[in-house]
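S.K.: final17.txt (compact mmCIF, C-alpha atoms) pasted underneath:
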# COMPACT_ATOMS: atom_id res chain seq x y z
CA MET A 1 18.49 41.21 -8.90
CA GLN A 2 20.04 38.63 -6.61
CA GLN A 3 19.00 40.61 -3.54
CA ASP A 4 15.42 40.86 -4.83
CA LEU A 5 15.40 37.11 -5.43
CA ARG A 6 16.80 36.51 -1.96
CA LEU A 7 14.05 38.59 -0.35
CA ILE A 8 11.22 36.79 -2.13
CA LEU A 9 12.83 33.42 -1.35
CA LEU A 10 12.99 34.35 2.34
CA SER A 11 9.31 35.28 2.25
CA LEU A 12 8.39 32.00 0.56
CA ARG A 13 10.53 30.05 3.01
CA ARG A 14 8.75 31.67 5.94
CA THR A 15 5.38 30.68 4.46
CA LEU A 16 6.39 27.12 3.55
CA ARG A 17 7.95 26.45 6.97
CA HIS A 18 4.66 27.07 8.74
CA PRO A 19 3.54 23.63 10.05
CA LEU A 20 -0.08 24.01 8.94
CA ILE A 21 0.87 25.15 5.45
CA ARG A 22 3.37 22.30 5.07
CA ARG A 23 0.61 19.83 5.93
CA ILE A 24 -2.14 21.38 3.81
CA LEU A 25 -0.35 22.34 0.59
CA PRO A 26 0.19 18.83 -0.83
CA ASP A 27 -3.49 18.00 -0.22
CA LEU A 28 -4.58 21.30 -1.71
CA HIS A 29 -2.54 20.70 -4.87
CA ALA A 30 -3.93 17.17 -5.19
CA GLU A 31 -7.48 18.46 -4.78
CA MET A 32 -6.88 21.14 -7.41
CA ALA A 33 -6.37 18.34 -9.94
CA ARG A 34 -9.82 16.96 -9.07
CA SER A 35 -11.72 20.24 -8.76
CA SER A 36 -11.66 22.75 -11.58
CA THR A 37 -13.49 25.29 -9.41
CA LEU A 38 -10.87 25.09 -6.66
CA SER A 39 -8.07 25.07 -9.22
CA THR A 40 -9.40 28.22 -10.89
CA GLU A 41 -9.83 29.98 -7.55
CA ILE A 42 -6.30 29.17 -6.36
CA ARG A 43 -4.68 30.04 -9.68
CA THR A 44 -6.50 33.37 -10.00
CA THR A 45 -5.84 34.51 -6.45
CA LEU A 46 -2.96 32.99 -4.47
CA GLN A 47 -0.78 31.85 -7.35
CA TYR A 48 -1.48 34.99 -9.37
CA GLU A 49 -0.33 37.28 -6.56
CA ARG A 50 2.87 35.29 -5.96
CA ARG A 51 3.68 35.16 -9.67
CA GLU A 52 3.14 38.90 -10.02
CA ARG A 53 5.76 39.49 -7.29
CA GLY A 54 8.17 37.27 -9.21
CA LYS A 55 7.48 39.09 -12.48
CA ALA A 56 8.14 42.42 -10.74
CA ILE A 57 11.63 41.21 -9.80
CA VAL A 58 12.37 40.40 -13.43
CA ASP A 59 10.90 43.72 -14.59
CA ARG A 60 13.15 45.63 -12.18
CA ALA A 61 16.20 43.66 -13.35
CA ILE A 62 15.32 44.50 -16.95
CA GLU A 63 14.96 48.19 -16.06
CA ARG A 64 18.39 48.14 -14.39
CA GLY A 65 19.91 46.51 -17.49
CA GLU A 66 20.74 43.27 -15.64
CA LEU A 67 18.58 41.22 -18.01
CA PRO A 68 17.58 41.59 -21.67
CA LYS A 69 14.14 43.01 -22.43
CA ASP A 70 12.91 39.71 -23.86
CA THR A 71 13.68 37.71 -20.71
CA ASP A 72 11.12 34.95 -20.12
CA LYS A 73 9.65 35.55 -16.65
CA GLU A 74 7.92 32.19 -16.27
CA PRO A 75 10.99 29.97 -15.63
CA ALA A 76 12.18 32.30 -12.86
CA ASN A 77 8.76 32.18 -11.24
CA ASP A 78 8.66 28.41 -11.47
CA ALA A 79 12.16 28.11 -9.98
CA LEU A 80 11.38 30.44 -7.08
CA ALA A 81 8.50 28.35 -5.85
CA SER A 82 9.51 24.87 -6.91
CA LEU A 83 12.99 24.75 -5.41
CA LEU A 84 11.76 25.72 -1.96
CA TYR A 85 8.52 23.72 -2.19
CA TRP A 86 10.41 20.56 -3.07
CA ARG A 87 12.99 20.96 -0.32
CA ILE A 88 10.63 22.04 2.47
CA VAL A 89 7.27 20.42 1.72
CA VAL A 90 8.12 17.33 -0.31
CA THR A 91 11.35 16.19 1.36
CA GLY A 92 10.74 17.78 4.76
CA GLY A 93 14.15 19.40 4.59
CA ARG A 94 15.40 22.72 5.83
CA VAL A 95 16.73 25.67 3.87
CA SER A 96 19.35 27.80 5.62
CA GLY A 97 20.13 31.42 4.90
CA ALA A 98 23.27 30.32 3.07
CA GLU A 99 21.18 28.00 0.89
CA ILE A 100 18.74 30.83 0.16
CA ASN A 101 21.73 32.83 -1.12
CA LYS A 102 22.86 29.89 -3.29
CA ILE A 103 19.37 29.45 -4.72
CA ALA A 104 19.14 33.18 -5.50
CA ARG A 105 22.52 33.01 -7.32
CA PHE A 106 21.39 29.88 -9.18
CA ILE A 107 18.16 31.48 -10.39
CA ALA A 108 19.90 34.74 -11.32
CA ALA A 109 22.54 32.88 -13.31
CA GLY A 110 19.89 30.86 -15.10
CA MET A 111 17.95 33.97 -16.00
CA LYS A 112 21.05 35.65 -17.42
CA ASP A 113 21.90 32.55 -19.44
CA GLN A 114 18.57 32.01 -21.18
Represent the structure of the file as structure tokens.
M.R.:
Amino acid sequence: MQQDLRLILLSLRRTLRHPLIRRILPDLHAEMARSSTLSTEIRTTLQYERRERGKAIVDRAIERGELPKDTDKEPANDALASLLYWRIVVTGGRVSGAEINKIARFIAAGMKDQ
């Protein structure tokens, strides 16, 4: 599971490090709060696709017996996006490969402990 988490974190990091995306995302999220049409569109397309990838990681971990069948998939999905978003977009920080590994271990441990 940790390797799956690492791979999706690397993909998210690549997206969030793009200069245009880093500039646009905060404005887009703010506008979503003002526009229900935009909010619905984003949530049913972009966010849906990303969350489905996160759920697939949990499903595979359940199939391998790494997690119980009743594992809540939502906290893992929230952690995947929020930890990187906060570090890269909000604080303007960087996330190294070693930090990606630490975040993957952190999320995996949290999922096993729920």
S.K.: Within 8 Å of region 10-13 of chain A, counting all atoms listed in the file, which residues qualify if same-chain residues fewer than 3 places away don't, as a PyMOL selection string?
M.R.: chain A and resi 6-7+16-17+81+84+95+100
S.K.: Interatomic distance between CA of Arg53 (chain A) and CA of Leu28 (chain A)?
M.R.: 21.7 Å
S.K.: Report the distance between CA of Gly54 (chain A) and CA of Met111 (chain A) in Å, rounded to one decimal place.
M.R.: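 So the answer is 12.4 Å.
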S.K.: Got a sec: who's within 9 Å of Glu66 (chain A), counting all atoms listed in the file, leaving out chain neighbours fewer than 3 positions off, as a PyMOL selection string?
M.R.: chain A and resi 1+60-63+112
S.K.: Hey, can you check how far CA of Ile57 (chain A) sits from CA of Pro26 (chain A)?
M.R.: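 These two atoms are separated by 26.7 Å.
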S.K.: Counting all atoms listed in the file, which residue out of A:Leu46, A:Leu20, A:Val90, A:Ala104 sits closest to Ala76 (chain A)?
M.R.: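 Under the stated criterion, the closest residue is A:Ala104.
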S.K.: With distances taken over all atoms listed in the file, which residue among A:Ser35, A:Thr40, A:Gln2, A:Gln47 lies nearest Asn77 (chain A)?
M.R.: A:Gln47
S.K.: Within 10 Å of Gln114 (chain A), counting all atoms listed in the file, which residues show up once you throw out same-chain ones fewer than 5 positions away? Write them as a PyMOL selection string, please.
M.R.: chain A and resi 67-68+70-72+75+109
S.K.: Using all atoms listed in the file, which of A:Ser96, A:Glu74, A:Thr91, A:Thr45 sits nearest Val58 (chain A)?
M.R.: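 That would be A:Glu74, the residue with the smallest distance to Val58 (chain A).
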